>>> print(open('entry16.cif').read())   # mmCIF, C-alpha atoms and all ligand atoms; chains and numbers go by the auth columns
data_protein
loop_
_atom_site.group_PDB
_atom_site.id
_atom_site.type_symbol
_atom_site.label_atom_id
_atom_site.label_comp_id
_atom_site.label_asym_id
_atom_site.label_seq_id
_atom_site.Cartn_x
_atom_site.Cartn_y
_atom_site.Cartn_z
_atom_site.B_iso_or_equiv
_atom_site.auth_seq_id
_atom_site.auth_asym_id
ATOM 1 C CA MET A 1 -68.090 -88.431 145.862 0.00 169 A
ATOM 2 C CA PRO A 2 -68.679 -85.093 144.097 0.00 170 A
ATOM 3 C CA ASP A 3 -65.982 -83.887 141.788 0.00 171 A
ATOM 4 C CA THR A 4 -65.407 -80.369 143.139 0.00 172 A
ATOM 5 C CA PRO A 5 -62.308 -78.470 142.082 0.00 173 A
ATOM 6 C CA GLN A 6 -60.297 -77.058 144.956 0.00 174 A
ATOM 7 C CA SER A 7 -57.726 -74.292 144.961 0.00 175 A
ATOM 8 C CA PRO A 8 -56.464 -73.810 148.512 0.00 176 A
ATOM 9 C CA ALA A 9 -53.496 -71.816 147.292 0.00 177 A
ATOM 10 C CA SER A 10 -55.605 -68.931 145.959 0.00 178 A
ATOM 11 C CA ALA A 11 -58.367 -68.993 148.574 0.00 179 A
ATOM 12 C CA ALA A 12 -56.467 -67.609 151.546 0.00 180 A
ATOM 13 C CA PRO A 13 -54.656 -64.681 149.865 0.00 181 A
ATOM 14 C CA SER A 14 -57.856 -63.394 148.212 0.00 182 A
ATOM 15 C CA ALA A 15 -59.699 -63.326 151.546 0.00 183 A
ATOM 16 C CA GLU A 16 -56.853 -61.454 153.168 0.00 184 A
ATOM 17 C CA ARG A 17 -56.738 -58.931 150.355 0.00 185 A
ATOM 18 C CA SER A 18 -60.468 -58.186 150.467 0.00 186 A
ATOM 19 C CA ARG A 19 -60.211 -57.464 154.180 0.00 187 A
ATOM 20 C CA THR A 20 -57.370 -54.972 153.825 0.00 188 A
ATOM 21 C CA ALA A 21 -58.879 -53.358 150.739 0.00 189 A
ATOM 22 C CA GLU A 22 -61.867 -52.200 152.704 0.00 190 A
ATOM 23 C CA GLU A 23 -61.114 -48.810 154.190 0.00 191 A
ATOM 24 C CA PRO A 24 -61.968 -48.460 157.895 0.00 192 A
ATOM 25 C CA ARG A 25 -64.924 -46.201 158.540 0.00 193 A
ATOM 26 C CA ALA A 26 -65.019 -43.528 161.199 0.00 194 A
ATOM 27 C CA ALA A 27 -67.543 -44.051 163.956 0.00 195 A
ATOM 28 C CA CYS A 28 -70.632 -41.861 164.077 0.00 196 A
ATOM 29 C CA VAL A 29 -70.212 -39.203 166.765 0.00 197 A
ATOM 30 C CA LEU A 30 -73.785 -39.714 167.940 0.00 198 A
ATOM 31 C CA CYS A 31 -74.457 -43.450 167.920 0.00 199 A
ATOM 32 C CA GLN A 32 -70.986 -44.905 167.302 0.00 200 A
ATOM 33 C CA GLU A 33 -72.245 -46.732 164.238 0.00 201 A
ATOM 34 C CA PRO A 34 -69.830 -46.926 161.315 0.00 202 A
ATOM 35 C CA SER A 35 -70.390 -43.869 159.187 0.00 203 A
ATOM 36 C CA GLU A 36 -69.963 -43.533 155.449 0.00 204 A
ATOM 37 C CA TYR A 37 -66.836 -41.448 155.959 0.00 205 A
ATOM 38 C CA PRO A 38 -63.335 -42.925 156.109 0.00 206 A
ATOM 39 C CA GLU A 39 -61.286 -42.654 159.298 0.00 207 A
ATOM 40 C CA SER A 40 -59.157 -40.033 157.589 0.00 208 A
ATOM 41 C CA HIS A 41 -62.191 -37.765 157.266 0.00 209 A
ATOM 42 C CA ARG A 42 -61.752 -34.514 159.161 0.00 210 A
ATOM 43 C CA GLY A 43 -64.545 -33.041 161.246 0.00 211 A
ATOM 44 C CA ILE A 44 -67.813 -34.530 162.445 0.00 212 A
ATOM 45 C CA THR A 45 -68.719 -37.897 161.029 0.00 213 A
ATOM 46 C CA LEU A 46 -72.339 -38.979 161.005 0.00 214 A
ATOM 47 C CA CYS A 47 -73.872 -42.237 159.886 0.00 215 A
ATOM 48 C CA PRO A 48 -76.587 -41.962 157.207 0.00 216 A
ATOM 49 C CA ARG A 49 -79.333 -42.253 159.813 0.00 217 A
ATOM 50 C CA CYS A 50 -77.998 -39.510 162.097 0.00 218 A
ATOM 51 C CA ALA A 51 -77.181 -37.326 159.104 0.00 219 A
ATOM 52 C CA TRP A 52 -80.802 -37.657 158.030 0.00 220 A
ATOM 53 C CA LEU A 53 -82.037 -36.816 161.534 0.00 221 A
ATOM 54 C CA GLU A 54 -79.788 -33.769 161.657 0.00 222 A
ATOM 55 C CA GLY A 55 -81.181 -32.701 158.331 0.00 223 A
ATOM 56 C CA GLN A 56 -84.743 -33.079 159.580 0.00 224 A
ATOM 57 C CA ARG A 57 -83.928 -31.122 162.720 0.00 225 A
ATOM 58 C CA THR A 58 -82.400 -28.193 160.867 0.00 226 A
ATOM 59 C CA ALA A 59 -85.162 -28.251 158.279 0.00 227 A
ATOM 60 C CA CYS A 60 -87.866 -27.830 160.926 0.00 228 A
ATOM 61 C CA SER A 61 -86.053 -25.033 162.777 0.00 229 A
ATOM 62 C CA GLY A 62 -86.617 -22.580 159.961 0.00 230 A
HETATM 63 ZN ZN ZN B . -75.260 -42.253 163.961 0.00 301 A
#
>>> encode(input="entry16.cif", output="structure tokens")
Amino acid sequence: MPDTPQSPASAAPSAERSRTAEEPRAACVLCQEPSEYPESHRGITLCPRCAWLEGQRTACSG
């Protein structure tokens, strides 16, 4: 029988804290993927991929 230390008292609270610490991300307006902006962000929120595509689109229009 392996001698593994257990600490059930500290395991649950830490998992709960890590979940709440993560700020919810706003959904991308184009593909609904979680963007890099927080939900409190005002205006259009784009995920990195769509932001890159928008950049490519505007870059080619000039
Ligand atoms: Zn997107």
>>> atom_distance(input="entry16.cif", atom1="CA of Cys196 (chain A)", atom2="CA of Gln224 (chain A)")
17.2 Å
>>> residues_around(input="entry16.cif", residues="Thr213 (chain A)", least_positions_apart="3", cutoff="8 Å", atoms="all atoms listed in the file", output="PyMOL selection string")
chain A and resi 194-197+203+205+209-210
>>> residues_near_ligand(input="entry16.cif", ligand="ligand ZN 301 (chain A)", cutoff="6 Å", atoms="only C-alpha atoms and all ligand atoms", output="count of residues only")
8
>>> atom_distance(input="entry16.cif", atom1="CA of Glu222 (chain A)", atom2="CA of Gln200 (chain A)")
15.3 Å
>>> atom_distance(input="entry16.cif", atom1="CA of Glu207 (chain A)", atom2="CA of Leu221 (chain A)")
21.7 Å
>>> build_atoms(input="entry16.cif", residues="region 184-219 of chain A", atoms="N, CA and C atoms", output="PDB file, in the coordinates of the input")
ATOM      1  N   GLU A 184     -57.662 -62.418 152.428  1.00  0.00           N
ATOM      2  CA  GLU A 184     -56.853 -61.454 153.168  1.00  0.00           C
ATOM      3  C   GLU A 184     -56.839 -60.101 152.445  1.00  0.00           C
ATOM      4  N   ARG A 185     -56.799 -60.172 151.119  1.00  0.00           N
ATOM      5  CA  ARG A 185     -56.738 -58.931 150.355  1.00  0.00           C
ATOM      6  C   ARG A 185     -58.045 -58.149 150.466  1.00  0.00           C
ATOM      7  N   SER A 186     -59.180 -58.868 150.424  1.00  0.00           N
ATOM      8  CA  SER A 186     -60.468 -58.186 150.467  1.00  0.00           C
ATOM      9  C   SER A 186     -60.652 -57.483 151.812  1.00  0.00           C
ATOM     10  N   ARG A 187     -60.063 -58.063 152.862  1.00  0.00           N
ATOM     11  CA  ARG A 187     -60.211 -57.464 154.180  1.00  0.00           C
ATOM     12  C   ARG A 187     -59.408 -56.164 154.276  1.00  0.00           C
ATOM     13  N   THR A 188     -58.219 -56.158 153.737  1.00  0.00           N
ATOM     14  CA  THR A 188     -57.370 -54.972 153.825  1.00  0.00           C
ATOM     15  C   THR A 188     -57.803 -53.902 152.832  1.00  0.00           C
ATOM     16  N   ALA A 189     -58.464 -54.318 151.761  1.00  0.00           N
ATOM     17  CA  ALA A 189     -58.879 -53.358 150.739  1.00  0.00           C
ATOM     18  C   ALA A 189     -59.991 -52.463 151.252  1.00  0.00           C
ATOM     19  N   GLU A 190     -60.761 -52.989 152.173  1.00  0.00           N
ATOM     20  CA  GLU A 190     -61.867 -52.200 152.704  1.00  0.00           C
ATOM     21  C   GLU A 190     -61.343 -51.141 153.659  1.00  0.00           C
ATOM     22  N   GLU A 191     -61.616 -49.898 153.356  1.00  0.00           N
ATOM     23  CA  GLU A 191     -61.114 -48.810 154.190  1.00  0.00           C
ATOM     24  C   GLU A 191     -61.930 -48.710 155.475  1.00  0.00           C
ATOM     25  N   PRO A 192     -61.251 -48.561 156.614  1.00  0.00           N
ATOM     26  CA  PRO A 192     -61.968 -48.460 157.895  1.00  0.00           C
ATOM     27  C   PRO A 192     -62.809 -47.198 157.948  1.00  0.00           C
ATOM     28  N   ARG A 193     -64.002 -47.329 158.465  1.00  0.00           N
ATOM     29  CA  ARG A 193     -64.924 -46.201 158.540  1.00  0.00           C
ATOM     30  C   ARG A 193     -64.860 -45.550 159.917  1.00  0.00           C
ATOM     31  N   ALA A 194     -64.986 -44.244 159.930  1.00  0.00           N
ATOM     32  CA  ALA A 194     -65.019 -43.528 161.199  1.00  0.00           C
ATOM     33  C   ALA A 194     -66.351 -43.778 161.892  1.00  0.00           C
ATOM     34  N   ALA A 195     -66.319 -43.811 163.206  1.00  0.00           N
ATOM     35  CA  ALA A 195     -67.543 -44.051 163.956  1.00  0.00           C
ATOM     36  C   ALA A 195     -68.391 -42.792 164.000  1.00  0.00           C
ATOM     37  N   CYS A 196     -69.703 -42.981 163.967  1.00  0.00           N
ATOM     38  CA  CYS A 196     -70.632 -41.861 164.077  1.00  0.00           C
ATOM     39  C   CYS A 196     -70.466 -41.220 165.459  1.00  0.00           C
ATOM     40  N   VAL A 197     -70.448 -39.897 165.501  1.00  0.00           N
ATOM     41  CA  VAL A 197     -70.212 -39.203 166.765  1.00  0.00           C
ATOM     42  C   VAL A 197     -71.432 -39.288 167.680  1.00  0.00           C
ATOM     43  N   LEU A 198     -72.558 -39.671 167.142  1.00  0.00           N
ATOM     44  CA  LEU A 198     -73.785 -39.714 167.940  1.00  0.00           C
ATOM     45  C   LEU A 198     -74.119 -41.117 168.427  1.00  0.00           C
ATOM     46  N   CYS A 199     -74.022 -42.107 167.534  1.00  0.00           N
ATOM     47  CA  CYS A 199     -74.457 -43.450 167.920  1.00  0.00           C
ATOM     48  C   CYS A 199     -73.337 -44.474 167.790  1.00  0.00           C
ATOM     49  N   GLN A 200     -72.157 -44.033 167.397  1.00  0.00           N
ATOM     50  CA  GLN A 200     -70.986 -44.905 167.302  1.00  0.00           C
ATOM     51  C   GLN A 200     -71.123 -45.965 166.203  1.00  0.00           C
ATOM     52  N   GLU A 201     -72.121 -45.827 165.374  1.00  0.00           N
ATOM     53  CA  GLU A 201     -72.245 -46.732 164.238  1.00  0.00           C
ATOM     54  C   GLU A 201     -71.241 -46.313 163.167  1.00  0.00           C
ATOM     55  N   PRO A 202     -70.781 -47.265 162.378  1.00  0.00           N
ATOM     56  CA  PRO A 202     -69.830 -46.926 161.315  1.00  0.00           C
ATOM     57  C   PRO A 202     -70.471 -45.998 160.302  1.00  0.00           C
ATOM     58  N   SER A 203     -69.851 -44.853 160.110  1.00  0.00           N
ATOM     59  CA  SER A 203     -70.390 -43.869 159.187  1.00  0.00           C
ATOM     60  C   SER A 203     -69.929 -44.174 157.770  1.00  0.00           C
ATOM     61  N   GLU A 204     -70.355 -43.342 156.836  1.00  0.00           N
ATOM     62  CA  GLU A 204     -69.963 -43.533 155.449  1.00  0.00           C
ATOM     63  C   GLU A 204     -68.669 -42.798 155.137  1.00  0.00           C
ATOM     64  N   TYR A 205     -68.083 -42.161 156.152  1.00  0.00           N
ATOM     65  CA  TYR A 205     -66.836 -41.448 155.959  1.00  0.00           C
ATOM     66  C   TYR A 205     -65.668 -42.318 156.383  1.00  0.00           C
ATOM     67  N   PRO A 206     -64.533 -42.179 155.705  1.00  0.00           N
ATOM     68  CA  PRO A 206     -63.335 -42.925 156.109  1.00  0.00           C
ATOM     69  C   PRO A 206     -62.740 -42.342 157.385  1.00  0.00           C
ATOM     70  N   GLU A 207     -61.879 -43.117 158.043  1.00  0.00           N
ATOM     71  CA  GLU A 207     -61.286 -42.654 159.298  1.00  0.00           C
ATOM     72  C   GLU A 207     -60.451 -41.403 159.099  1.00  0.00           C
ATOM     73  N   SER A 208     -59.999 -41.197 157.871  1.00  0.00           N
ATOM     74  CA  SER A 208     -59.157 -40.033 157.589  1.00  0.00           C
ATOM     75  C   SER A 208     -59.992 -38.772 157.409  1.00  0.00           C
ATOM     76  N   HIS A 209     -61.319 -38.922 157.458  1.00  0.00           N
ATOM     77  CA  HIS A 209     -62.191 -37.765 157.266  1.00  0.00           C
ATOM     78  C   HIS A 209     -62.049 -36.798 158.433  1.00  0.00           C
ATOM     79  N   ARG A 210     -61.893 -35.513 158.116  1.00  0.00           N
ATOM     80  CA  ARG A 210     -61.752 -34.514 159.161  1.00  0.00           C
ATOM     81  C   ARG A 210     -63.110 -33.927 159.514  1.00  0.00           C
ATOM     82  N   GLY A 211     -63.288 -33.642 160.809  1.00  0.00           N
ATOM     83  CA  GLY A 211     -64.545 -33.041 161.246  1.00  0.00           C
ATOM     84  C   GLY A 211     -65.523 -34.078 161.763  1.00  0.00           C
ATOM     85  N   ILE A 212     -66.773 -33.663 161.886  1.00  0.00           N
ATOM     86  CA  ILE A 212     -67.813 -34.530 162.445  1.00  0.00           C
ATOM     87  C   ILE A 212     -68.235 -35.573 161.432  1.00  0.00           C
ATOM     88  N   THR A 213     -68.274 -36.808 161.898  1.00  0.00           N
ATOM     89  CA  THR A 213     -68.719 -37.897 161.029  1.00  0.00           C
ATOM     90  C   THR A 213     -70.047 -38.435 161.534  1.00  0.00           C
ATOM     91  N   LEU A 214     -71.010 -38.480 160.658  1.00  0.00           N
ATOM     92  CA  LEU A 214     -72.339 -38.979 161.005  1.00  0.00           C
ATOM     93  C   LEU A 214     -72.703 -40.148 160.107  1.00  0.00           C
ATOM     94  N   CYS A 215     -73.375 -41.141 160.690  1.00  0.00           N
ATOM     95  CA  CYS A 215     -73.872 -42.237 159.886  1.00  0.00           C
ATOM     96  C   CYS A 215     -75.081 -41.723 159.095  1.00  0.00           C
ATOM     97  N   PRO A 216     -75.467 -42.423 158.047  1.00  0.00           N
ATOM     98  CA  PRO A 216     -76.587 -41.962 157.207  1.00  0.00           C
ATOM     99  C   PRO A 216     -77.841 -41.657 158.012  1.00  0.00           C
ATOM    100  N   ARG A 217     -78.119 -42.465 159.019  1.00  0.00           N
ATOM    101  CA  ARG A 217     -79.333 -42.253 159.813  1.00  0.00           C
ATOM    102  C   ARG A 217     -79.257 -40.951 160.588  1.00  0.00           C
ATOM    103  N   CYS A 218     -78.131 -40.724 161.306  1.00  0.00           N
ATOM    104  CA  CYS A 218     -77.998 -39.510 162.097  1.00  0.00           C
ATOM    105  C   CYS A 218     -77.891 -38.286 161.191  1.00  0.00           C
ATOM    106  N   ALA A 219     -77.269 -38.435 160.050  1.00  0.00           N
ATOM    107  CA  ALA A 219     -77.181 -37.326 159.104  1.00  0.00           C
ATOM    108  C   ALA A 219     -78.577 -36.929 158.650  1.00  0.00           C
TER     109      ALA A 219
END
